[in-house]
$ cat upload_11.cif   # mmCIF, C-alpha atoms and all ligand atoms
data_entry
#
loop_
_atom_site.label_atom_id
_atom_site.label_comp_id
_atom_site.auth_asym_id
_atom_site.auth_seq_id
_atom_site.Cartn_x
_atom_site.Cartn_y
_atom_site.Cartn_z
CA MET T 168 23.34 -68.90 -17.47
CA LYS T 169 21.91 -65.93 -15.63
CA THR T 170 21.43 -66.55 -11.90
CA ARG T 171 18.18 -65.09 -10.64
CA ILE T 172 17.99 -63.96 -7.03
CA ILE T 173 14.66 -64.06 -5.24
CA SER T 174 14.47 -62.49 -1.77
CA VAL T 175 12.00 -64.07 0.63
CA HIS T 176 10.99 -63.58 4.24
CA PRO T 177 12.92 -66.18 6.29
CA LYS T 178 9.95 -67.08 8.49
CA LYS T 179 6.92 -66.36 6.32
CA PRO T 180 8.02 -66.80 2.71
CA ASP T 181 5.65 -65.58 0.02
CA ARG T 182 4.06 -68.55 -1.75
CA LYS T 183 4.25 -66.94 -5.18
CA LYS T 184 7.97 -66.24 -4.86
CA ILE T 185 8.68 -69.79 -3.67
CA GLU T 186 6.62 -71.05 -6.59
CA LYS T 187 9.07 -69.46 -9.04
CA ALA T 188 11.96 -71.46 -7.55
CA ALA T 189 9.80 -74.60 -7.24
CA ALA T 190 8.99 -74.34 -10.96
CA VAL T 191 12.74 -74.17 -11.71
CA LEU T 192 13.21 -77.46 -9.81
CA ARG T 193 10.28 -79.09 -11.60
CA LYS T 194 11.80 -78.11 -14.96
CA GLY T 195 15.13 -79.74 -14.07
CA GLY T 196 16.94 -76.59 -12.92
CA ILE T 197 19.08 -76.13 -9.80
CA VAL T 198 18.30 -73.73 -6.94
CA GLY T 199 20.32 -72.35 -4.01
CA PHE T 200 18.17 -72.06 -0.88
CA PRO T 201 18.54 -71.41 2.85
CA THR T 202 18.36 -74.14 5.45
CA GLU T 203 19.02 -73.76 9.17
CA THR T 204 22.42 -75.49 8.77
CA VAL T 205 23.96 -73.89 5.65
CA TYR T 206 22.67 -72.91 2.20
CA GLY T 207 21.84 -75.93 0.03
CA LEU T 208 22.00 -76.40 -3.72
CA GLY T 209 18.83 -78.24 -4.69
CA ALA T 210 17.95 -80.52 -7.60
CA GLY T 211 14.94 -82.83 -7.98
CA ILE T 212 16.17 -86.38 -7.29
CA PHE T 213 14.32 -87.91 -10.26
CA SER T 214 15.89 -85.65 -12.90
CA SER T 215 19.21 -87.15 -13.97
CA SER T 216 20.09 -84.02 -15.94
CA ALA T 217 19.46 -81.79 -12.90
CA ILE T 218 21.67 -84.03 -10.75
CA LYS T 219 24.44 -83.90 -13.37
CA LYS T 220 24.10 -80.12 -13.48
CA LEU T 221 24.39 -79.98 -9.69
CA PHE T 222 27.60 -82.04 -9.55
CA LYS T 223 29.06 -79.90 -12.33
CA ALA T 224 28.09 -76.57 -10.73
CA LYS T 225 29.79 -77.57 -7.47
CA GLY T 226 32.73 -79.35 -9.10
CA ARG T 227 31.85 -82.21 -6.75
CA PRO T 228 33.37 -85.67 -7.29
CA ASN T 229 30.70 -88.17 -8.43
CA ASP T 230 31.61 -90.63 -5.69
CA ASN T 231 30.39 -88.30 -2.94
CA PRO T 232 26.69 -89.07 -2.25
CA LEU T 233 24.02 -86.40 -1.73
CA ILE T 234 21.58 -85.85 1.12
CA VAL T 235 17.92 -86.06 0.08
CA HIS T 236 15.76 -83.35 1.66
CA ILE T 237 12.07 -83.86 2.34
CA ALA T 238 9.28 -81.60 3.61
CA SER T 239 7.21 -84.14 5.52
CA LYS T 240 7.87 -87.44 7.29
CA LYS T 241 5.43 -89.09 4.88
CA GLN T 242 7.88 -88.56 2.02
CA LEU T 243 10.45 -90.81 3.71
CA LYS T 244 8.62 -94.10 3.21
CA ALA T 245 9.06 -94.22 -0.56
CA LEU T 246 12.80 -93.52 -0.33
CA VAL T 247 13.82 -96.37 1.99
CA THR T 248 13.20 -100.11 2.29
CA GLU T 249 12.19 -99.79 5.91
CA VAL T 250 11.82 -97.14 8.60
CA PRO T 251 13.19 -98.88 11.73
CA PRO T 252 11.83 -97.99 15.19
CA VAL T 253 15.04 -96.13 16.12
CA ALA T 254 14.52 -93.86 13.12
CA VAL T 255 10.94 -93.20 14.19
CA LYS T 256 12.14 -92.19 17.65
CA LEU T 257 14.83 -89.89 16.29
CA MET T 258 12.51 -88.28 13.77
CA LYS T 259 9.98 -87.61 16.49
CA LYS T 260 12.58 -85.83 18.57
CA PHE T 261 14.77 -84.08 15.99
CA TRP T 262 12.80 -83.60 12.75
CA PRO T 263 12.43 -81.11 11.33
CA GLY T 264 16.01 -80.17 12.17
CA PRO T 265 19.74 -80.63 11.55
CA LEU T 266 19.89 -84.45 11.73
CA THR T 267 20.51 -86.59 8.62
CA LEU T 268 19.65 -90.29 8.84
CA ILE T 269 21.24 -92.99 6.71
CA LEU T 270 18.92 -95.88 5.90
CA TYR T 271 18.71 -98.62 3.25
CA LYS T 272 17.49 -97.06 0.00
CA SER T 273 14.49 -98.16 -2.06
CA ASP T 274 14.73 -98.79 -5.80
CA LEU T 275 13.08 -95.43 -6.38
CA VAL T 276 16.23 -93.53 -5.36
CA PRO T 277 18.59 -93.17 -8.35
CA SER T 278 22.11 -94.50 -7.76
CA SER T 279 23.57 -91.16 -8.96
CA ILE T 280 22.28 -89.69 -5.66
CA THR T 281 23.86 -92.36 -3.48
CA ALA T 282 27.08 -92.86 -5.46
CA GLY T 283 26.10 -96.49 -5.99
CA LEU T 284 25.64 -97.22 -2.26
CA LYS T 285 22.77 -99.36 -0.94
CA THR T 286 21.97 -96.62 1.55
CA VAL T 287 20.52 -93.13 1.30
CA ALA T 288 20.94 -90.07 3.52
CA VAL T 289 17.69 -88.22 4.30
CA ARG T 290 16.92 -85.05 6.22
CA MET T 291 13.87 -82.90 6.90
CA PRO T 292 15.13 -79.32 7.31
CA ALA T 293 13.47 -76.95 9.78
CA HIS T 294 13.91 -73.74 7.78
CA PRO T 295 10.49 -72.46 6.60
CA VAL T 296 11.90 -71.46 3.18
CA ALA T 297 13.45 -74.89 2.59
CA ARG T 298 10.27 -76.65 3.66
CA ALA T 299 8.07 -74.46 1.47
CA LEU T 300 10.33 -74.98 -1.54
CA ILE T 301 10.40 -78.78 -1.23
CA ARG T 302 6.65 -78.93 -0.53
CA GLN T 303 5.75 -76.74 -3.50
CA ALA T 304 8.18 -78.49 -5.86
CA ASN T 305 6.35 -81.63 -4.75
CA MET T 306 9.39 -83.92 -4.85
CA PRO T 307 12.35 -84.94 -2.70
CA VAL T 308 15.26 -82.57 -3.31
CA ALA T 309 18.94 -83.55 -3.25
CA ALA T 310 20.84 -80.68 -1.66
CA PRO T 311 24.54 -80.60 -0.84
CA SER T 312 25.97 -77.35 0.45
CA ALA T 313 25.79 -74.58 -2.18
CA ASN T 314 29.53 -73.90 -2.45
CA ARG T 315 32.22 -74.91 -4.92
CA SER T 316 33.52 -78.25 -3.71
CA GLY T 317 36.24 -77.99 -1.05
CA LYS T 318 35.46 -74.40 -0.03
CA PRO T 319 33.81 -73.31 3.24
CA SER T 320 30.06 -73.88 3.15
CA PRO T 321 27.85 -70.85 2.47
CA THR T 322 25.83 -69.41 5.31
CA ASP T 323 24.13 -66.62 3.38
CA ALA T 324 22.95 -65.96 -0.17
CA GLY T 325 25.96 -63.71 -0.91
CA HIS T 326 28.31 -66.65 -0.28
CA VAL T 327 26.32 -68.76 -2.76
CA LEU T 328 26.55 -66.00 -5.33
CA ASP T 329 30.31 -65.64 -4.75
CA ASP T 330 30.81 -69.33 -5.59
CA LEU T 331 28.04 -70.19 -8.03
CA ASN T 332 27.00 -67.09 -9.97
CA HIS T 333 26.12 -68.14 -13.55
CA ARG T 334 26.29 -71.79 -12.51
CA VAL T 335 22.85 -72.05 -10.89
CA ASP T 336 19.42 -71.02 -12.18
CA CYS T 337 18.20 -69.28 -9.08
CA ILE T 338 19.00 -68.44 -5.45
CA LEU T 339 16.37 -67.95 -2.78
CA ASP T 340 17.72 -65.34 -0.37
CA GLY T 341 16.20 -65.96 3.06
CA GLY T 342 18.86 -64.40 5.29
CA ALA T 343 21.68 -66.03 7.24
CA SER T 344 21.70 -69.68 8.36
CA ILE T 345 21.30 -69.97 12.11
CA VAL T 346 23.39 -73.09 12.83
CA GLY T 347 26.13 -72.30 10.31
CA LEU T 348 27.48 -75.88 10.13
CA GLU T 349 26.25 -78.91 8.16
CA SER T 350 23.83 -81.41 9.70
CA THR T 351 24.79 -84.26 12.00
CA VAL T 352 24.98 -87.42 9.83
CA LEU T 353 23.94 -90.60 11.65
CA ASP T 354 24.30 -94.01 10.02
CA LEU T 355 21.51 -96.31 11.21
CA THR T 356 22.61 -99.17 8.93
CA SER T 357 25.82 -99.86 10.88
CA LYS T 358 25.95 -101.58 14.26
CA PRO T 359 26.65 -99.88 16.57
CA TYR T 360 25.02 -96.83 15.06
CA MET T 361 27.63 -94.34 13.95
CA VAL T 362 27.83 -90.56 13.75
CA LEU T 363 29.72 -90.01 10.49
CA ARG T 364 29.71 -86.23 10.76
CA PRO T 365 29.07 -84.28 13.98
CA GLY T 366 26.70 -81.31 13.83
CA ALA T 367 24.31 -79.25 15.92
CA ILE T 368 22.41 -82.30 17.17
CA THR T 369 24.98 -83.67 19.59
CA VAL T 370 26.06 -87.27 20.18
CA LYS T 371 24.85 -86.94 23.76
CA GLU T 372 21.36 -85.95 22.62
CA ILE T 373 21.24 -88.88 20.19
CA ARG T 374 22.46 -91.37 22.82
CA LYS T 375 19.68 -90.24 25.12
CA ILE T 376 17.15 -91.44 22.57
CA ILE T 377 18.74 -94.60 21.09
CA GLY T 378 21.54 -95.69 23.46
CA THR T 379 24.98 -96.73 22.16
CA VAL T 380 26.35 -94.61 19.32
CA LYS T 381 29.92 -94.48 18.05
CA VAL T 382 31.57 -91.43 16.55
CA TYR T 383 33.67 -91.63 13.42
CA PRO T 384 37.00 -90.04 14.39
CA SER T 385 38.10 -86.77 12.78
CA ARG T 386 41.78 -86.39 12.07
CA ARG T 387 44.18 -84.73 14.47
CA GLY T 388 47.68 -83.58 13.71
CA THR T 389 50.94 -84.32 15.49
CA GLY T 390 53.47 -81.83 16.78
CA ARG T 391 55.96 -82.37 14.00
CA GLN T 392 53.62 -81.89 11.08
CA LEU T 393 53.96 -78.15 10.84
CA ASP T 394 57.67 -78.35 10.07
CA ARG T 395 57.39 -81.20 7.60
CA VAL T 396 55.02 -79.43 5.25
CA LYS T 397 56.95 -78.02 2.34
CA SER T 398 54.35 -77.52 -0.30
CA PRO T 399 51.28 -75.68 0.92
CA GLY T 400 47.98 -76.04 -0.88
CA MET T 401 49.01 -79.22 -2.71
CA LYS T 402 46.56 -81.49 -1.04
CA TYR T 403 42.78 -81.59 -1.38
CA ARG T 404 41.11 -79.98 1.60
CA HIS T 405 37.51 -79.68 2.77
CA TYR T 406 35.70 -76.59 4.05
CA ALA T 407 38.95 -74.79 3.34
CA PRO T 408 39.67 -71.10 2.88
CA LYS T 409 42.22 -69.93 0.29
CA ALA T 410 44.49 -68.88 3.13
CA ARG T 411 46.76 -71.44 4.75
CA LEU T 412 45.07 -72.51 7.97
CA PHE T 413 47.17 -73.63 10.95
CA LEU T 414 45.15 -75.25 13.72
CA TRP T 415 46.72 -75.67 17.14
CA GLU T 416 45.34 -77.89 19.86
CA GLY T 417 46.86 -78.83 23.19
CA ARG T 418 48.58 -77.02 26.04
CA PRO T 419 47.49 -73.36 26.25
CA ASN T 420 50.92 -71.98 27.14
CA ARG T 421 52.58 -73.89 24.34
CA ILE T 422 49.97 -72.58 21.89
CA ARG T 423 50.59 -69.02 23.09
CA THR T 424 54.35 -69.33 22.56
CA VAL T 425 53.99 -70.94 19.13
CA ALA T 426 51.37 -68.39 18.05
CA GLN T 427 53.64 -65.48 18.99
CA ARG T 428 56.65 -67.02 17.27
CA ASN T 429 54.80 -67.96 14.09
CA ALA T 430 53.03 -64.62 13.83
CA ALA T 431 56.36 -62.78 14.16
CA SER T 432 58.03 -64.94 11.53
CA LEU T 433 55.09 -64.63 9.11
CA LEU T 434 55.05 -60.85 9.56
CA ARG T 435 58.75 -60.74 8.67
CA GLN T 436 57.82 -62.58 5.47
CA LYS T 437 55.25 -59.81 4.78
CA GLN T 438 52.34 -62.23 5.13
CA LYS T 439 48.87 -61.02 6.08
CA VAL T 440 48.07 -62.98 9.24
CA ALA T 441 44.91 -63.42 11.30
CA LEU T 442 44.34 -65.36 14.51
CA VAL T 443 40.95 -66.85 15.41
CA THR T 444 40.05 -67.78 18.95
CA THR T 445 37.34 -67.44 21.60
CA ASP T 446 39.81 -66.36 24.25
CA LEU T 447 41.42 -62.93 24.50
CA SER T 448 44.49 -64.39 26.20
CA TYR T 449 45.64 -65.97 22.91
CA CYS T 450 45.57 -62.71 20.93
CA VAL T 451 48.84 -61.60 19.36
CA SER T 452 49.68 -57.94 18.80
CA GLY T 453 50.53 -56.70 15.32
CA ILE T 454 48.11 -59.05 13.54
CA GLN T 455 44.35 -59.23 13.09
CA ASN T 456 42.64 -61.09 15.95
CA VAL T 457 39.12 -62.42 15.44
CA LEU T 458 37.06 -63.36 18.49
CA MET T 459 34.63 -66.06 17.37
CA GLY T 460 31.96 -65.71 20.05
CA SER T 461 31.36 -66.74 23.62
CA THR T 462 29.26 -69.90 23.17
CA ALA T 463 29.79 -73.03 21.08
CA ALA T 464 26.67 -72.13 19.07
CA GLU T 465 28.11 -68.70 18.23
CA VAL T 466 31.42 -70.19 17.12
CA GLY T 467 29.49 -72.66 14.92
CA ARG T 468 27.43 -69.88 13.36
CA ASN T 469 30.49 -67.72 12.71
CA LEU T 470 33.07 -70.26 11.53
CA TYR T 471 32.47 -70.31 7.74
CA LEU T 472 31.47 -66.65 7.77
CA VAL T 473 34.85 -65.71 9.26
CA LEU T 474 36.86 -68.01 6.95
CA ARG T 475 35.15 -66.45 3.94
CA MET T 476 35.62 -62.92 5.31
CA LEU T 477 39.35 -63.50 5.82
CA ASP T 478 39.65 -64.80 2.26
CA ARG T 479 37.90 -61.70 0.94
CA GLU T 480 40.42 -59.61 2.86
CA LYS T 481 43.23 -61.54 1.16
CA THR T 482 44.59 -63.03 4.35
CA ASP T 483 47.60 -65.29 3.64
CA VAL T 484 47.65 -67.29 6.87
CA ILE T 485 44.98 -68.03 9.47
CA LEU T 486 46.17 -69.17 12.89
CA ALA T 487 43.37 -71.01 14.69
CA VAL T 488 43.37 -71.93 18.37
CA GLY T 489 41.43 -75.17 18.92
CA PHE T 490 37.97 -74.74 20.43
CA GLU T 491 36.41 -76.70 23.24
CA GLU T 492 34.72 -79.84 21.91
CA LYS T 493 31.59 -79.31 23.96
CA LYS T 494 28.15 -79.31 22.31
CA VAL T 495 28.47 -78.08 18.74
CA GLY T 496 32.22 -77.53 19.43
CA LEU T 497 32.83 -81.14 18.32
CA ALA T 498 31.43 -80.26 14.89
CA VAL T 499 33.48 -77.03 14.76
CA MET T 500 36.69 -78.95 15.45
CA ASN T 501 35.77 -81.66 12.93
CA ARG T 502 35.45 -79.00 10.19
CA LEU T 503 38.55 -77.10 11.29
CA ARG T 504 40.71 -80.23 11.32
CA LYS T 505 39.60 -81.06 7.79
CA ALA T 506 40.15 -77.49 6.65
CA ALA T 507 43.59 -77.37 8.26
CA ASP T 508 44.49 -80.82 6.97
CA ARG T 509 48.25 -81.27 7.30
CA TYR T 510 48.59 -78.02 9.25
CA SER T 511 46.56 -79.41 12.13
CA VAL T 512 48.98 -79.63 15.03
CA LEU T 513 48.81 -81.09 18.53
CA LEU T 514 51.11 -79.16 20.85
P1 LIG H 601 27.10 -82.21 1.93
O1 LIG H 601 27.97 -82.00 0.77
O2 LIG H 601 27.36 -81.22 3.00
O3 LIG H 601 25.66 -82.35 1.63
O4 LIG H 601 27.57 -83.59 2.55
C1 LIG H 601 26.81 -84.76 2.58
C2 LIG H 601 27.53 -85.72 3.47
O5 LIG H 601 26.74 -86.89 3.68
C3 LIG H 601 28.83 -86.19 2.85
O6 LIG H 601 29.80 -86.30 3.86
C4 LIG H 601 28.44 -87.55 2.29
O7 LIG H 601 29.55 -88.40 2.13
C5 LIG H 601 27.46 -88.04 3.34
N1 LIG H 601 26.55 -89.06 2.82
C6 LIG H 601 25.54 -88.87 1.96
N2 LIG H 601 24.92 -90.05 1.68
C7 LIG H 601 25.58 -90.99 2.37
C8 LIG H 601 25.43 -92.41 2.50
N3 LIG H 601 24.49 -93.07 1.85
N4 LIG H 601 26.30 -93.04 3.31
C9 LIG H 601 27.26 -92.37 3.97
N5 LIG H 601 27.45 -91.04 3.89
C10 LIG H 601 26.61 -90.36 3.10
MG MG H 602 29.38 -79.75 1.49
#

$ encode --input "upload_11.cif" --output "structure tokens" --more "lines below"
Ligand code: AMP
Ligand code: MG
Amino acid sequence: MKTRIISVHPKKPDRKKIEKAAAVLRKGGIVGFPTETVYGLGAGIFSSSAIKKLFKAKGRPNDNPLIVHIASKKQLKALVTEVPPVAVKLMKKFWPGPLTLILYKSDLVPSSITAGLKTVAVRMPAHPVARALIRQANMPVAAPSANRSGKPSPTDAGHVLDDLNHRVDCILDGGASIVGLESTVLDLTSKPYMVLRPGAITVKEIRKIIGTVKVYPSRRGTGRQLDRVKSPGMKYRHYAPKARLFLWEGRPNRIRTVAQRNAASLLRQKQKVALVTTDLSYCVSGIQNVLMGSTAAEVGRNLYLVLRMLDREKTDVILAVGFEEKKVGLAVMNRLRKAADRYSVLL
């Protein structure tokens, strides 16, 4: 399959260009498109062949449900059994934007979208290109991130092409994603309400609107894990670069010592090593040091971009210093812990 790339203005996309991609969706094709979080891979939710194509293109396991994207609040009603008052409040405050709500699904939503669950995840993206595409396609669009399953999410059209060239019908290129991390996923069918995945809309902001909210814990390593791992790359990881990723959290001085020692030992083994941090004081001489930005938002925007860049440069090992879990920092650490998996270490 030849993948067609259509460049559009990120803020004022040309209707005729969007129409080409919308027509692909209507015919049961799949389309990569920009959202403010990351690039999505869209398929019309009522086309079972398009949904199959989407799972296949990503190599995504069938038991992982998809988020349904809509262009107006009106579209939500048909997808769910009920829109509870808390959802109305949240939509008023955060839609369009990077917040996904989980509600009980209506019979209209195919079970292939929800992996057989009684609930459905729905989001109204803020990106003008995403909104125009969904509006012109005139249907709700299932859109997981437009990467091969397990890899870092794509934050520009080039990343989508790197992963999915010849696997998707078309990519709308509307520039880089501003948030750079996937949406906050909030389950409104559990009591108390639960944030399943942190994102740019913070738990604090959500609590301000609806009161008590729990956060599903993301995994954290223990000090001994680093030594116990014998067989790198054996286990399924999420958001993961090809390079081995060591994530260190805990006491700054301990991290500094361990970073120096590990970098030296890896260099002796002729490994290409990079360290990522926001703080100059962690940098190690003799290796590549990447400063991720000075605010949580910048780190969020840069995270996947940097992981993909280091892979392109054939980095063998990435040493990551844990970031502050303030604001979007919670989401950054959630993704990093998953990406680092067994190499996530508390010092
Ligand atoms: P992505 O691949 O980035 O679109 O990820 C979608 C996320 O939403 C995954 O973590 C899914 O497991 C989650 N998700 C989608 N639908 C549901 C649902 N009905 N209940 C719980 N989680 C869901
Ligand atoms: Mg994804």

$ residues_near_ligand --input "upload_11.cif" --ligand "ligand MG 602 (chain H)" --cutoff "10 Å" --atoms "all atoms listed in the file" --output "list in words"
Val205, Tyr206, Gly207, Leu208, Lys225, Arg227, Asn231, Leu233, Ile234, Ala310, Pro311, Ser312, Ala313, Asn314, Arg315, Ser316, Gly317, Lys318, Pro319, Ser320, Pro321, Leu348, Glu349, His405 and Tyr406 of chain T

$ residues_around --input "upload_11.cif" --residues "Lys194 of chain T" --least-positions-apart "6" --cutoff "10 Å" --atoms "all atoms listed in the file" --output "VMD selection string"
chain T and resid 188 210 to 211 214 217 304

$ closest_residue --input "upload_11.cif" --among "T:Ala254, T:Val287, T:Ala189, T:Met306" --to "Ala238 of chain T" --atoms "only C-alpha atoms"
T:Met306

$ closest_residue --input "upload_11.cif" --among "T:Glu372, T:Asp274, T:Glu465, T:Asp508" --to "Leu414 of chain T" --atoms "only C-alpha atoms"
T:Asp508

$ residues_around --input "upload_11.cif" --residues "Ile345 of chain T" --least-positions-apart "5" --cutoff "9 Å" --atoms "only C-alpha atoms" --output "list in words"
Thr202, Glu203, Thr204, Val205, Thr322 and Arg468 of chain T

$ atom_distance --input "upload_11.cif" --atom1 "atom CA of Leu486 of chain T" --atom2 "atom CA of Asp329 of chain T"
24.0 Å

$ axis_aligned_box --input "upload_11.cif" --around "segment 346-361 of chain T" --padding-each-side "8 Å" --output "lines of an AutoDock Vina configuration file"
center_x = 24.6
center_y = -86.9
center_z = 12.4
size_x = 22.1
size_y = 45.3
size_z = 24.4

$ closest_residue --input "upload_11.cif" --among "T:Gly264, T:Pro251, T:Pro232, T:Pro292" --to "Pro277 of chain T" --atoms "all atoms listed in the file"
T:Pro232

$ residues_around --input "upload_11.cif" --residues "His236 of chain T" --least-positions-apart "6" --cutoff "6 Å" --atoms "only C-alpha atoms" --output "list in words"
Val289, Arg290, Met291, Pro307, Val308 and Ala309 of chain T

$ write_last_selection --input "upload_11.cif" --atoms "C-alpha atoms" --output "PDB file, in the frame of the given file"
ATOM      1  CA  VAL T 289      17.690 -88.220   4.300  1.00  0.00           C
ATOM      2  CA  ARG T 290      16.920 -85.050   6.220  1.00  0.00           C
ATOM      3  CA  MET T 291      13.870 -82.900   6.900  1.00  0.00           C
ATOM      4  CA  PRO T 307      12.350 -84.940  -2.700  1.00  0.00           C
ATOM      5  CA  VAL T 308      15.260 -82.570  -3.310  1.00  0.00           C
ATOM      6  CA  ALA T 309      18.940 -83.550  -3.250  1.00  0.00           C
TER       7      ALA T 309
END

$ residues_near_point --input "upload_11.cif" --point "(19.3, -63.1, -6.1)" --cutoff "7 Å" --atoms "only C-alpha atoms" --output "ChimeraX atom specification"
/T:171-174,337-340

$ atom_distance --input "upload_11.cif" --atom1 "atom CA of Ser452 of chain T" --atom2 "atom CA of Leu433 of chain T"
13.0 Å

$ atom_distance --input "upload_11.cif" --atom1 "atom CA of Gly453 of chain T" --atom2 "atom CA of Thr482 of chain T"
14.0 Å

$ closest_residue --input "upload_11.cif" --among "T:Phe200, T:Tyr471, T:Tyr271, T:Phe261" --to "ligand LIG 601 (chain H)" --atoms "all atoms listed in the file"
T:Tyr271

$ decode --input "upload_11.cif" --residues "segment 211-228 of chain T" --atoms "N, CA, C and O atoms" --output "PDB file, in the first residue's frame"
ATOM      1  N   GLY T 211     -12.812   4.689  11.008  1.00  0.00           N
ATOM      2  CA  GLY T 211     -14.226   4.877  11.342  1.00  0.00           C
ATOM      3  C   GLY T 211     -14.684   3.737  12.237  1.00  0.00           C
ATOM      4  O   GLY T 211     -14.361   2.581  11.971  1.00  0.00           O
ATOM      5  N   ILE T 212     -15.421   4.053  13.320  1.00  0.00           N
ATOM      6  CA  ILE T 212     -15.721   2.989  14.300  1.00  0.00           C
ATOM      7  C   ILE T 212     -16.741   1.975  13.771  1.00  0.00           C
ATOM      8  O   ILE T 212     -16.851   0.890  14.313  1.00  0.00           O
ATOM      9  N   PHE T 213     -17.494   2.327  12.717  1.00  0.00           N
ATOM     10  CA  PHE T 213     -18.518   1.392  12.247  1.00  0.00           C
ATOM     11  C   PHE T 213     -18.016   0.479  11.132  1.00  0.00           C
ATOM     12  O   PHE T 213     -18.764  -0.337  10.619  1.00  0.00           O
ATOM     13  N   SER T 214     -16.766   0.619  10.720  1.00  0.00           N
ATOM     14  CA  SER T 214     -16.216  -0.257   9.682  1.00  0.00           C
ATOM     15  C   SER T 214     -15.341  -1.335  10.329  1.00  0.00           C
ATOM     16  O   SER T 214     -14.225  -1.056  10.773  1.00  0.00           O
ATOM     17  N   SER T 215     -15.849  -2.561  10.372  1.00  0.00           N
ATOM     18  CA  SER T 215     -15.073  -3.612  11.048  1.00  0.00           C
ATOM     19  C   SER T 215     -13.768  -3.892  10.291  1.00  0.00           C
ATOM     20  O   SER T 215     -12.756  -4.212  10.905  1.00  0.00           O
ATOM     21  N   SER T 216     -13.802  -3.731   8.957  1.00  0.00           N
ATOM     22  CA  SER T 216     -12.561  -4.002   8.220  1.00  0.00           C
ATOM     23  C   SER T 216     -11.515  -2.915   8.499  1.00  0.00           C
ATOM     24  O   SER T 216     -10.315  -3.197   8.610  1.00  0.00           O
ATOM     25  N   ALA T 217     -11.968  -1.666   8.637  1.00  0.00           N
ATOM     26  CA  ALA T 217     -11.024  -0.581   8.958  1.00  0.00           C
ATOM     27  C   ALA T 217     -10.403  -0.802  10.339  1.00  0.00           C
ATOM     28  O   ALA T 217      -9.206  -0.581  10.543  1.00  0.00           O
ATOM     29  N   ILE T 218     -11.217  -1.251  11.283  1.00  0.00           N
ATOM     30  CA  ILE T 218     -10.707  -1.480  12.648  1.00  0.00           C
ATOM     31  C   ILE T 218      -9.686  -2.628  12.638  1.00  0.00           C
ATOM     32  O   ILE T 218      -8.628  -2.538  13.276  1.00  0.00           O
ATOM     33  N   LYS T 219     -10.000  -3.672  11.864  1.00  0.00           N
ATOM     34  CA  LYS T 219      -9.044  -4.787  11.754  1.00  0.00           C
ATOM     35  C   LYS T 219      -7.723  -4.299  11.166  1.00  0.00           C
ATOM     36  O   LYS T 219      -6.629  -4.658  11.619  1.00  0.00           O
ATOM     37  N   LYS T 220      -7.860  -3.481  10.127  1.00  0.00           N
ATOM     38  CA  LYS T 220      -6.679  -2.928   9.448  1.00  0.00           C
ATOM     39  C   LYS T 220      -5.829  -2.107  10.435  1.00  0.00           C
ATOM     40  O   LYS T 220      -4.600  -2.182  10.438  1.00  0.00           O
ATOM     41  N   LEU T 221      -6.519  -1.355  11.274  1.00  0.00           N
ATOM     42  CA  LEU T 221      -5.830  -0.506  12.256  1.00  0.00           C
ATOM     43  C   LEU T 221      -5.032  -1.355  13.265  1.00  0.00           C
ATOM     44  O   LEU T 221      -3.858  -1.085  13.517  1.00  0.00           O
ATOM     45  N   PHE T 222      -5.660  -2.375  13.810  1.00  0.00           N
ATOM     46  CA  PHE T 222      -4.966  -3.244  14.774  1.00  0.00           C
ATOM     47  C   PHE T 222      -3.748  -3.884  14.108  1.00  0.00           C
ATOM     48  O   PHE T 222      -2.683  -3.988  14.710  1.00  0.00           O
ATOM     49  N   LYS T 223      -3.945  -4.300  12.834  1.00  0.00           N
ATOM     50  CA  LYS T 223      -2.856  -4.978  12.126  1.00  0.00           C
ATOM     51  C   LYS T 223      -1.705  -4.003  11.849  1.00  0.00           C
ATOM     52  O   LYS T 223      -0.534  -4.339  12.049  1.00  0.00           O
ATOM     53  N   ALA T 224      -2.039  -2.801  11.394  1.00  0.00           N
ATOM     54  CA  ALA T 224      -0.996  -1.809  11.069  1.00  0.00           C
ATOM     55  C   ALA T 224      -0.130  -1.504  12.295  1.00  0.00           C
ATOM     56  O   ALA T 224       1.090  -1.370  12.202  1.00  0.00           O
ATOM     57  N   LYS T 225      -0.767  -1.418  13.451  1.00  0.00           N
ATOM     58  CA  LYS T 225      -0.026  -1.102  14.683  1.00  0.00           C
ATOM     59  C   LYS T 225       0.644  -2.317  15.306  1.00  0.00           C
ATOM     60  O   LYS T 225       1.552  -2.181  16.126  1.00  0.00           O
ATOM     61  N   GLY T 226       0.127  -3.517  14.947  1.00  0.00           N
ATOM     62  CA  GLY T 226       0.575  -4.727  15.644  1.00  0.00           C
ATOM     63  C   GLY T 226       0.071  -4.686  17.080  1.00  0.00           C
ATOM     64  O   GLY T 226       0.748  -5.122  18.008  1.00  0.00           O
ATOM     65  N   ARG T 227      -1.136  -4.143  17.247  1.00  0.00           N
ATOM     66  CA  ARG T 227      -1.690  -3.954  18.597  1.00  0.00           C
ATOM     67  C   ARG T 227      -2.477  -5.190  19.016  1.00  0.00           C
ATOM     68  O   ARG T 227      -3.257  -5.722  18.237  1.00  0.00           O
ATOM     69  N   PRO T 228      -2.297  -5.657  20.260  1.00  0.00           N
ATOM     70  CA  PRO T 228      -3.093  -6.793  20.731  1.00  0.00           C
ATOM     71  C   PRO T 228      -4.586  -6.448  20.734  1.00  0.00           C
ATOM     72  O   PRO T 228      -4.953  -5.320  21.084  1.00  0.00           O
TER      73      PRO T 228
END
